[in-house]
$ cat entry24.cif   # mmCIF, C-alpha atoms
data_input
loop_
_atom_site.label_atom_id
_atom_site.label_comp_id
_atom_site.auth_asym_id
_atom_site.auth_seq_id
_atom_site.Cartn_x
_atom_site.Cartn_y
_atom_site.Cartn_z
CA MET A 10 -12.77 -3.15 4.62
CA THR A 11 -15.75 -4.19 2.60
CA THR A 12 -16.29 -0.98 0.68
CA ALA A 13 -12.99 -0.38 -1.07
CA THR A 14 -12.30 -3.26 -3.35
CA ALA A 15 -11.19 -1.37 -6.44
CA ASP A 16 -7.77 -2.42 -7.61
CA ALA A 17 -5.00 0.15 -7.59
CA GLY A 18 -5.30 0.93 -11.28
CA LEU A 19 -8.94 1.81 -10.94
CA TYR A 20 -8.38 3.75 -7.74
CA GLY A 21 -5.74 5.99 -9.26
CA GLU A 22 -7.82 6.45 -12.41
CA ILE A 23 -10.75 7.77 -10.41
CA GLN A 24 -8.53 10.13 -8.39
CA ALA A 25 -7.10 11.51 -11.64
CA PHE A 26 -10.58 11.75 -13.15
CA TYR A 27 -11.73 13.93 -10.25
CA ALA A 28 -8.69 16.19 -10.52
CA HIS A 29 -9.35 16.72 -14.21
CA HIS A 30 -13.12 17.10 -13.70
CA MET A 31 -12.83 19.70 -10.96
CA ARG A 32 -10.07 21.70 -12.61
CA LEU A 33 -12.25 22.11 -15.68
CA VAL A 34 -15.08 23.71 -13.75
CA ASP A 35 -12.77 25.76 -11.52
CA ASP A 36 -11.01 27.16 -14.58
CA GLY A 37 -14.30 27.99 -16.27
CA HIS A 38 -14.19 25.38 -19.02
CA ILE A 39 -17.85 24.63 -18.49
CA ASP A 40 -18.53 22.85 -21.79
CA ALA A 41 -15.55 20.53 -21.36
CA TRP A 42 -16.64 19.95 -17.77
CA GLY A 43 -20.11 19.05 -19.04
CA GLU A 44 -18.55 16.27 -21.09
CA THR A 45 -17.43 14.58 -17.87
CA PHE A 46 -21.13 13.76 -17.32
CA THR A 47 -23.24 11.38 -19.39
CA HIS A 48 -25.99 13.01 -21.46
CA ASP A 49 -28.62 11.59 -19.09
CA ALA A 50 -26.76 12.47 -15.88
CA THR A 51 -28.55 13.50 -12.71
CA ILE A 52 -27.29 15.65 -9.82
CA SER A 53 -29.17 15.84 -6.57
CA ASN A 54 -28.36 17.37 -3.21
CA ASN A 55 -29.92 18.32 0.09
CA ALA A 56 -29.88 22.04 -0.75
CA ASN A 57 -32.47 21.82 -3.50
CA PRO A 58 -35.59 19.70 -3.63
CA ARG A 59 -35.39 19.57 -7.44
CA PRO A 60 -32.50 17.57 -8.88
CA ALA A 61 -30.97 18.60 -12.23
CA HIS A 62 -31.68 16.07 -14.98
CA GLY A 63 -29.49 15.86 -18.07
CA ARG A 64 -26.15 17.32 -19.02
CA ASP A 65 -27.70 20.41 -20.60
CA ALA A 66 -29.51 21.36 -17.41
CA ILE A 67 -26.42 20.68 -15.29
CA VAL A 68 -24.24 22.83 -17.54
CA ALA A 69 -26.78 25.66 -17.58
CA VAL A 70 -26.90 25.81 -13.77
CA ILE A 71 -23.13 25.85 -13.43
CA ARG A 72 -22.65 28.37 -16.22
CA ARG A 73 -24.86 30.85 -14.37
CA ALA A 74 -23.11 30.13 -11.06
CA HIS A 75 -19.69 30.59 -12.65
CA ALA A 76 -20.66 33.90 -14.28
CA GLU A 77 -21.96 35.19 -10.97
CA LEU A 78 -18.74 34.21 -9.19
CA ALA A 79 -16.63 35.86 -11.87
CA ALA A 80 -18.64 39.06 -11.50
CA ARG A 81 -17.74 39.05 -7.78
CA GLY A 82 -14.04 38.38 -8.47
CA VAL A 83 -14.20 34.99 -6.79
CA GLN A 84 -12.82 31.71 -8.10
CA HIS A 85 -13.62 28.27 -6.74
CA ARG A 86 -11.19 25.49 -5.98
CA HIS A 87 -12.82 22.12 -5.44
CA TRP A 88 -10.85 19.64 -3.37
CA MET A 89 -12.04 16.06 -3.26
CA GLY A 90 -10.42 13.53 -1.00
CA MET A 91 -10.92 10.56 1.30
CA THR A 92 -12.23 8.66 -1.69
CA THR A 93 -13.33 5.03 -1.76
CA VAL A 94 -14.15 3.29 -5.02
CA GLU A 95 -16.44 0.28 -5.33
CA PRO A 96 -16.75 -1.52 -8.64
CA ILE A 97 -20.41 -2.04 -9.57
CA ASP A 98 -19.80 -3.85 -12.82
CA GLU A 99 -17.07 -3.96 -15.43
CA HIS A 100 -17.81 -0.43 -16.62
CA THR A 101 -19.28 1.23 -13.53
CA VAL A 102 -17.99 2.31 -10.13
CA ARG A 103 -19.47 4.02 -7.11
CA ALA A 104 -17.06 6.59 -5.66
CA THR A 105 -17.67 8.16 -2.26
CA SER A 106 -15.62 11.20 -1.23
CA TYR A 107 -15.47 14.28 0.90
CA ALA A 108 -15.38 17.51 -1.07
CA LEU A 109 -14.43 21.01 0.01
CA LEU A 110 -15.40 24.12 -1.86
CA MET A 111 -12.76 26.78 -1.40
CA ALA A 112 -13.26 30.38 -2.52
CA VAL A 113 -10.16 32.27 -3.63
CA GLY A 114 -9.70 35.73 -5.05
CA LYS A 115 -7.15 38.44 -5.57
CA ASP A 116 -5.70 40.00 -2.40
CA ARG A 117 -7.58 37.78 0.03
CA ALA A 118 -6.95 34.61 1.99
CA PRO A 119 -8.56 31.37 0.79
CA GLN A 120 -11.75 30.45 2.57
CA ILE A 121 -13.45 27.07 2.90
CA ASP A 122 -17.05 27.85 2.10
CA ARG A 123 -18.54 24.40 2.10
CA SER A 124 -17.95 20.82 3.20
CA THR A 125 -19.87 18.06 1.49
CA ALA A 126 -19.98 14.32 1.04
CA CYS A 127 -20.36 13.17 -2.55
CA VAL A 128 -21.46 9.80 -3.92
CA ASP A 129 -20.95 9.40 -7.68
CA GLU A 130 -21.88 6.61 -10.03
CA ILE A 131 -19.29 6.81 -12.78
CA VAL A 132 -19.35 4.85 -16.03
CA ARG A 133 -16.64 4.14 -18.54
CA THR A 134 -17.75 4.72 -22.12
CA GLU A 135 -15.36 4.39 -25.03
CA GLY A 136 -12.39 4.47 -22.68
CA ARG A 137 -13.28 7.53 -20.64
CA TRP A 138 -15.11 8.04 -17.38
CA GLN A 139 -18.34 10.02 -17.08
CA ILE A 140 -20.54 10.71 -14.07
CA ARG A 141 -24.06 9.33 -14.47
CA ASP A 142 -25.43 10.09 -11.02
CA ARG A 143 -24.12 12.50 -8.36
CA ARG A 144 -25.57 12.83 -4.87
CA VAL A 145 -24.18 15.59 -2.71
CA ARG A 146 -24.88 16.11 0.97
CA HIS A 147 -23.96 19.54 2.29
CA ASP A 148 -22.79 19.28 5.89
CA ALA A 149 -24.25 22.68 6.77
CA LEU A 150 -27.78 21.79 5.70
CA PRO A 151 -30.37 19.43 7.17
CA ALA A 152 -29.91 15.93 5.82
CA MET B 6 -10.04 12.46 -20.09
CA THR B 7 -7.18 13.43 -22.32
CA THR B 8 -4.81 14.79 -19.68
CA ALA B 9 -4.47 11.94 -17.17
CA THR B 10 -2.96 9.01 -18.95
CA ALA B 11 -0.37 7.98 -16.38
CA ASP B 12 -0.80 4.38 -15.30
CA ALA B 13 -1.63 3.68 -11.69
CA GLY B 14 1.93 2.85 -10.73
CA LEU B 15 3.19 6.17 -11.95
CA TYR B 16 0.27 8.04 -10.43
CA GLY B 17 0.87 6.64 -6.96
CA GLU B 18 4.60 7.21 -7.28
CA ILE B 19 4.10 10.90 -7.95
CA GLN B 20 1.66 11.27 -5.07
CA ALA B 21 4.17 9.65 -2.72
CA PHE B 22 6.98 11.78 -4.17
CA TYR B 23 5.05 14.95 -3.31
CA ALA B 24 4.32 13.75 0.22
CA HIS B 25 8.01 13.07 0.79
CA HIS B 26 9.10 16.30 -0.94
CA MET B 27 6.78 18.55 1.06
CA ARG B 28 7.39 16.88 4.40
CA LEU B 29 11.10 17.51 3.98
CA VAL B 30 10.65 21.25 3.60
CA ASP B 31 7.94 21.48 6.25
CA ASP B 32 10.18 19.69 8.74
CA GLY B 33 13.13 21.94 7.93
CA HIS B 34 15.28 19.37 6.14
CA ILE B 35 16.18 21.93 3.52
CA ASP B 36 19.25 20.19 2.09
CA ALA B 37 17.42 16.90 1.63
CA TRP B 38 14.53 18.84 0.12
CA GLY B 39 16.98 20.46 -2.30
CA GLU B 40 17.89 17.02 -3.55
CA THR B 41 14.33 16.54 -4.79
CA PHE B 42 15.22 19.11 -7.49
CA THR B 43 17.68 18.62 -10.35
CA HIS B 44 20.85 20.72 -10.17
CA ASP B 45 19.60 22.87 -13.04
CA ALA B 46 16.02 23.21 -11.73
CA THR B 47 13.99 26.37 -12.21
CA ILE B 48 11.11 27.70 -10.11
CA SER B 49 8.92 30.51 -11.36
CA ASN B 50 5.72 32.04 -10.08
CA ASN B 51 3.46 35.02 -10.52
CA ALA B 52 4.62 36.62 -7.25
CA ASN B 53 8.13 37.37 -8.45
CA PRO B 54 9.25 38.50 -11.89
CA ARG B 55 12.62 36.80 -11.43
CA PRO B 56 12.55 32.99 -11.37
CA ALA B 57 15.10 31.09 -9.26
CA HIS B 58 17.60 29.17 -11.40
CA GLY B 59 19.50 26.19 -10.03
CA ARG B 60 19.17 24.09 -6.92
CA ASP B 61 21.58 26.25 -4.94
CA ALA B 62 19.52 29.38 -5.51
CA ILE B 63 16.27 27.54 -4.72
CA VAL B 64 17.68 26.15 -1.50
CA ALA B 65 19.06 29.54 -0.43
CA VAL B 66 15.66 31.22 -0.84
CA ILE B 67 13.85 28.54 1.12
CA ARG B 68 16.47 28.40 3.86
CA ARG B 69 15.95 32.11 4.52
CA ALA B 70 12.17 31.75 4.43
CA HIS B 71 12.29 28.79 6.81
CA ALA B 72 14.53 30.62 9.30
CA GLU B 73 12.20 33.59 9.28
CA LEU B 74 9.17 31.36 9.93
CA ALA B 75 10.94 29.58 12.76
CA ALA B 76 11.77 32.94 14.36
CA ARG B 77 8.03 33.73 14.34
CA GLY B 78 7.09 30.33 15.80
CA VAL B 79 5.26 29.30 12.65
CA GLN B 80 5.51 26.03 10.78
CA HIS B 81 4.21 25.35 7.30
CA ARG B 82 2.21 22.34 6.16
CA HIS B 83 2.02 22.01 2.39
CA TRP B 84 -0.93 20.05 1.08
CA MET B 85 -0.95 19.09 -2.57
CA GLY B 86 -3.92 17.43 -4.14
CA MET B 87 -6.16 17.13 -7.18
CA THR B 88 -3.12 15.94 -9.11
CA THR B 89 -3.03 14.81 -12.72
CA VAL B 90 0.06 13.22 -14.19
CA GLU B 91 0.92 13.21 -17.90
CA PRO B 92 3.85 11.16 -19.13
CA ILE B 93 6.11 13.27 -21.37
CA ASP B 94 8.62 10.56 -22.17
CA GLU B 95 9.88 7.41 -20.51
CA HIS B 96 11.66 9.37 -17.77
CA THR B 97 9.62 12.58 -17.54
CA VAL B 98 6.14 13.54 -16.38
CA ARG B 99 4.19 16.76 -16.12
CA ALA B 100 2.20 16.89 -12.88
CA THR B 101 -0.49 19.52 -12.31
CA SER B 102 -1.90 20.02 -8.80
CA TYR B 103 -3.55 22.38 -6.41
CA ALA B 104 -1.44 23.24 -3.39
CA LEU B 105 -2.39 24.79 -0.09
CA LEU B 106 0.04 26.42 2.26
CA MET B 107 -1.15 26.03 5.81
CA ALA B 108 0.46 27.87 8.72
CA VAL B 109 0.45 26.11 12.08
CA GLY B 110 1.94 27.03 15.42
CA LYS B 111 1.68 26.34 19.11
CA ASP B 112 -1.58 27.33 20.77
CA ARG B 113 -3.30 28.52 17.60
CA ALA B 114 -5.68 27.17 15.01
CA PRO B 115 -4.31 26.17 11.60
CA GLN B 116 -4.74 28.79 8.91
CA ILE B 117 -4.74 28.40 5.14
CA ASP B 118 -2.48 31.21 4.00
CA ARG B 119 -2.28 30.51 0.33
CA SER B 120 -3.91 28.59 -2.51
CA THR B 121 -1.89 27.91 -5.63
CA ALA B 122 -1.86 25.83 -8.77
CA CYS B 123 1.42 24.08 -9.48
CA VAL B 124 2.74 22.57 -12.71
CA ASP B 125 5.90 20.49 -12.32
CA GLU B 126 8.10 18.78 -14.84
CA ILE B 127 9.58 15.85 -12.95
CA VAL B 128 12.33 13.57 -14.22
CA ARG B 129 13.46 10.16 -13.07
CA THR B 130 17.21 9.87 -12.71
CA GLU B 131 18.84 6.73 -11.34
CA GLY B 132 15.53 5.50 -10.01
CA ARG B 133 14.40 8.60 -8.17
CA TRP B 134 12.22 11.54 -9.12
CA GLN B 135 13.47 15.13 -9.20
CA ILE B 136 11.70 18.34 -10.16
CA ARG B 137 13.31 20.09 -13.13
CA ASP B 138 10.81 22.89 -13.65
CA ARG B 139 8.15 24.22 -11.29
CA ARG B 140 5.60 26.88 -12.22
CA VAL B 141 3.38 28.17 -9.43
CA ARG B 142 0.37 30.43 -9.85
CA HIS B 143 -0.82 32.07 -6.64
CA ASP B 144 -4.58 32.47 -6.70
CA ALA B 145 -4.42 35.72 -4.71
CA LEU B 146 -2.12 37.47 -7.20
CA PRO B 147 -2.71 38.74 -10.72
CA ALA B 148 -2.05 36.01 -13.27
CA MET C 25 13.14 9.01 -2.32
CA THR C 26 14.10 6.46 0.24
CA THR C 27 10.91 6.46 2.29
CA ALA C 28 8.19 5.70 -0.25
CA THR C 29 8.87 2.34 -1.72
CA ALA C 30 5.40 0.83 -1.56
CA ASP C 31 4.18 -0.32 -4.95
CA ALA C 32 1.16 1.36 -6.44
CA GLY C 33 -1.24 -1.36 -5.38
CA LEU C 34 -0.26 -1.03 -1.77
CA TYR C 35 -0.26 2.76 -1.92
CA GLY C 36 -3.82 2.95 -3.24
CA GLU C 37 -4.98 0.32 -0.76
CA ILE C 38 -3.75 2.38 2.17
CA GLN C 39 -5.34 5.56 0.83
CA ALA C 40 -8.66 3.73 0.48
CA PHE C 41 -8.23 2.19 3.94
CA TYR C 42 -7.89 5.66 5.48
CA ALA C 43 -10.94 6.98 3.64
CA HIS C 44 -13.02 4.08 4.94
CA HIS C 45 -11.51 4.28 8.45
CA MET C 46 -12.15 8.00 8.87
CA ARG C 47 -15.62 7.98 7.36
CA LEU C 48 -16.66 5.37 9.90
CA VAL C 49 -15.71 7.53 12.86
CA ASP C 50 -17.00 10.76 11.29
CA ASP C 51 -20.38 9.11 10.64
CA GLY C 52 -20.57 7.76 14.18
CA HIS C 53 -20.09 4.08 13.37
CA ILE C 54 -17.77 3.71 16.33
CA ASP C 55 -17.90 -0.07 16.67
CA ALA C 56 -17.14 -0.61 12.99
CA TRP C 57 -14.37 1.98 13.30
CA GLY C 58 -12.97 0.04 16.25
CA GLU C 59 -12.59 -2.97 13.99
CA THR C 60 -10.08 -1.05 11.89
CA PHE C 61 -7.71 -1.43 14.87
CA THR C 62 -6.15 -4.66 16.10
CA HIS C 63 -7.33 -5.86 19.51
CA ASP C 64 -3.98 -4.92 21.04
CA ALA C 65 -3.71 -1.54 19.27
CA THR C 66 -2.09 1.48 20.91
CA ILE C 67 -2.70 5.18 20.25
CA SER C 68 -0.37 7.80 21.63
CA ASN C 69 -0.09 11.53 21.05
CA ASN C 70 1.58 14.62 22.44
CA ALA C 71 -1.68 15.89 23.99
CA ASN C 72 -1.91 13.18 26.61
CA PRO C 73 0.87 11.57 28.60
CA ARG C 74 -1.11 8.32 28.87
CA PRO C 75 -1.55 6.38 25.63
CA ALA C 76 -4.68 4.29 25.09
CA HIS C 77 -3.97 0.56 25.08
CA GLY C 78 -6.29 -1.89 23.39
CA ARG C 79 -9.25 -1.53 21.06
CA ASP C 80 -11.76 -1.41 23.89
CA ALA C 81 -10.07 1.58 25.52
CA ILE C 82 -9.69 3.33 22.15
CA VAL C 83 -13.34 2.84 21.32
CA ALA C 84 -14.47 4.02 24.75
CA VAL C 85 -12.53 7.29 24.44
CA ILE C 86 -13.90 8.01 20.97
CA ARG C 87 -17.46 7.06 21.90
CA ARG C 88 -17.44 9.68 24.65
CA ALA C 89 -15.88 12.28 22.36
CA HIS C 90 -18.42 11.58 19.63
CA ALA C 91 -21.37 11.85 22.02
CA GLU C 92 -20.08 15.17 23.29
CA LEU C 93 -19.71 16.51 19.75
CA ALA C 94 -23.20 15.36 18.82
CA ALA C 95 -24.60 17.15 21.88
CA ARG C 96 -22.99 20.36 20.58
CA GLY C 97 -24.34 19.84 17.03
CA VAL C 98 -20.85 19.44 15.63
CA GLN C 99 -19.64 16.76 13.24
CA HIS C 100 -16.03 16.00 12.44
CA ARG C 101 -14.52 15.44 9.01
CA HIS C 102 -11.06 13.93 9.09
CA TRP C 103 -8.90 14.57 6.05
CA MET C 104 -5.68 12.64 5.71
CA GLY C 105 -3.25 13.36 2.96
CA MET C 106 0.38 13.69 1.93
CA THR C 107 0.77 10.02 2.75
CA THR C 108 3.89 7.92 2.32
CA VAL C 109 3.81 4.16 2.79
CA GLU C 110 6.83 2.04 3.72
CA PRO C 111 6.55 -1.73 3.68
CA ILE C 112 7.92 -3.19 6.94
CA ASP C 113 7.35 -6.82 6.09
CA GLU C 114 4.97 -8.78 3.89
CA HIS C 115 1.99 -8.00 6.13
CA THR C 116 2.95 -4.68 7.73
CA VAL C 117 3.40 -1.10 6.54
CA ARG C 118 4.32 2.18 8.19
CA ALA C 119 2.17 5.03 6.83
CA THR C 120 3.02 8.65 7.55
CA SER C 121 0.46 11.36 6.79
CA TYR C 122 -0.79 14.80 7.59
CA ALA C 123 -4.28 14.87 9.05
CA LEU C 124 -6.72 17.73 9.43
CA LEU C 125 -9.66 17.70 11.78
CA MET C 126 -12.46 19.80 10.38
CA ALA C 127 -15.54 20.71 12.40
CA VAL C 128 -18.77 21.12 10.48
CA GLY C 129 -22.31 21.81 11.61
CA LYS C 130 -25.64 23.10 10.43
CA ASP C 131 -25.73 26.75 9.33
CA ARG C 132 -22.02 27.40 9.84
CA ALA C 133 -18.87 27.45 7.76
CA PRO C 134 -16.43 24.53 8.08
CA GLN C 135 -13.52 25.19 10.40
CA ILE C 136 -10.14 23.48 10.56
CA ASP C 137 -9.69 22.81 14.25
CA ARG C 138 -6.49 20.83 14.24
CA SER C 139 -3.49 19.92 12.14
CA THR C 140 -1.53 16.80 13.02
CA ALA C 141 1.07 14.43 11.68
CA CYS C 142 0.20 10.76 12.04
CA VAL C 143 2.44 7.69 11.88
CA ASP C 144 0.59 4.37 11.74
CA GLU C 145 1.80 0.83 11.78
CA ILE C 146 -0.84 -1.10 9.85
CA VAL C 147 -1.04 -4.86 9.55
CA ARG C 148 -2.92 -7.06 7.12
CA THR C 149 -4.80 -9.88 8.81
CA GLU C 150 -7.04 -12.22 6.87
CA GLY C 151 -7.07 -9.88 3.91
CA ARG C 152 -7.92 -6.64 5.68
CA TRP C 153 -5.84 -3.84 7.13
CA GLN C 154 -5.89 -2.90 10.81
CA ILE C 155 -3.94 -0.24 12.70
CA ARG C 156 -1.69 -1.71 15.41
CA ASP C 157 0.10 1.44 16.51
CA ARG C 158 -0.83 5.09 15.93
CA ARG C 159 1.33 8.03 16.93
CA VAL C 160 -0.16 11.48 16.48
CA ARG C 161 1.67 14.76 16.85
CA HIS C 162 -0.58 17.80 17.22
CA ASP C 163 1.03 20.81 15.57
CA ALA C 164 -0.48 23.20 18.14
CA LEU C 165 1.06 21.42 21.14
CA PRO C 166 4.64 21.14 22.36
CA ALA C 167 6.39 18.18 20.72
#
$ encode --input "entry24.cif" --output "structure tokens"
Amino acid sequence: MTTATADAGLYGEIQAFYAHHMRLVDDGHIDAWGETFTHDATISNNANPRPAHGRDAIVAVIRRAHAELAARGVQHRHWMGMTTVEPIDEHTVRATSYALLMAVGKDRAPQIDRSTACVDEIVRTEGRWQIRDRRVRHDALPA
Amino acid sequence: MTTATADAGLYGEIQAFYAHHMRLVDDGHIDAWGETFTHDATISNNANPRPAHGRDAIVAVIRRAHAELAARGVQHRHWMGMTTVEPIDEHTVRATSYALLMAVGKDRAPQIDRSTACVDEIVRTEGRWQIRDRRVRHDALPA
Amino acid sequence: MTTATADAGLYGEIQAFYAHHMRLVDDGHIDAWGETFTHDATISNNANPRPAHGRDAIVAVIRRAHAELAARGVQHRHWMGMTTVEPIDEHTVRATSYALLMAVGKDRAPQIDRSTACVDEIVRTEGRWQIRDRRVRHDALPA
């Protein structure tokens, strides 16, 4: 194993960070979720040729998506797993994970809408972790 | 991150506790599963206005449910994930997770029957963890 | 809890090992995946009366399976979870997990094809973990 050299403390910290991060967006706390990104964060994926630059842009995109879901009576549950964590420097890690996007709603069975692979660069600033760069690859779309 | 301050040792312990706890019930070891609750444990959820009070009541409910599943040739696989762990005091934590209930059986594909969010208060007594209070919110039911 | 006595360091190491191990096979790096088994490794399951003995045999089976999947435009995503880790000796652990096999592909929703329980004996050699014995029980097949 050359890619998973984080010590156990760091590994558990990142798992807990993701749980907190995803629950915020799933529960609609979009501003608090935004604070789990650095101000200059970037998100890119293979679904959109134009990456989102900056926390404000990222939050704006997700706020619209969340409002649209709510209007349809759908809630998302993000599951991340199969995570490896590589320390980059004392304050930075690269975390690679699988992520599932599950859609839930009243009176219906849960449905896995999307499978992705996610590579995050996460930095620790003043004792807390924030995502600086996120790259998502949707399995259902051309690489 | 203000909600995930458990150290790595505690975090891994709770993850392993859940794996053990859920495997017991999935495999039909209902009495041993009962021992992962305190004697005075309470389970409440948004599917039933009347919470179950006490390990004996909890075990009785699950024993009936398990027998009914077995009669239908169905087995459950509980997956918990996206866990955060907050220490309450030296012997108590609050753990918040997503949980999926998967139904499996012979000659059929697995099916996710239920998505829930679960908040447990878990206490350490004589070196082992036991759930004292469990609150489950089913995503498919009114809050 | 009598079955989950690994310390947190060990527990996180095994979780990270599985993430690395499964990503290798899912991404088609079959030779590198083979190196996560010992040379004398054995895999057995309840789908096949004849277990595979030795890394070369294991790799050959998976190489054929992967080529067949690729020809059908399908990719696998293995999710392991609900893991417990028991130390056997200073260099060996027994890890018990649930595992899901998810099939993904372009322009289609992810599908959970298989639910299994997996018991691995994993040994540490020269600082890295390798699986020496894997026993898989498919939930959809007779025990």
$ closest_residue --input "entry24.cif" --among "B:Ile35, B:Met87, B:Ala122, B:Ile93" --to "Ala65 (chain B)" --atoms "all atoms listed in the file"
B:Ile35
$ resolve_selection --input "entry24.cif" --expression "the PyMOL selection byres ((chain B) within 10 of (chain C))" --output "PyMOL selection string"
chain B and resi 12-18+20-28+37+40-41+79-86+107-117+132-135
$ atom_distance --input "entry24.cif" --atom1 "CA of Ala50 (chain A)" --atom2 "CA of Ala74 (chain A)"
18.7 Å
$ residues_around --input "entry24.cif" --residues "Gly43 (chain A)" --least-positions-apart "6" --cutoff "12 Å" --atoms "all atoms listed in the file" --output "PyMOL selection string"
chain A and resi 30-31+33-34+37+49-51+63-72+139-141
$ atom_distance --input "entry24.cif" --atom1 "CA of Arg139 (chain B)" --atom2 "CA of Glu126 (chain B)"
6.5 Å
$ residues_around --input "entry24.cif" --residues "Ser49 (chain B)" --least-positions-apart "3" --cutoff "12 Å" --atoms "only C-alpha atoms" --output "number ranges by chain"
B: 46, 52-59, 63, 123-125, 137-143
$ atom_distance --input "entry24.cif" --atom1 "CA of Asp36 (chain A)" --atom2 "CA of His75 (chain A)"
9.5 Å
$ resolve_selection --input "entry24.cif" --expression "the PyMOL selection byres ((chain C and resi 116) around 9)" --output "compact mmCIF listing (two decimals) with C-alpha atoms, in the coordinates of the input"
# COMPACT_ATOMS: atom_id res chain seq x y z
CA GLU C 110 6.83 2.04 3.72
CA PRO C 111 6.55 -1.73 3.68
CA ILE C 112 7.92 -3.19 6.94
CA ASP C 113 7.35 -6.82 6.09
CA GLU C 114 4.97 -8.78 3.89
CA HIS C 115 1.99 -8.00 6.13
CA VAL C 117 3.40 -1.10 6.54
CA ARG C 118 4.32 2.18 8.19
CA GLU C 145 1.80 0.83 11.78
CA ILE C 146 -0.84 -1.10 9.85
CA VAL C 147 -1.04 -4.86 9.55
CA ARG C 148 -2.92 -7.06 7.12
CA TRP C 153 -5.84 -3.84 7.13
$ axis_aligned_box --input "entry24.cif" --around "region 122-136 of chain A" --padding-each-side "6 Å" --output "AutoDock Vina command-line options"
--center_x -17.1 --center_y 16.0 --center_z -10.9 --size_x 21.5 --size_y 35.7 --size_z 40.2
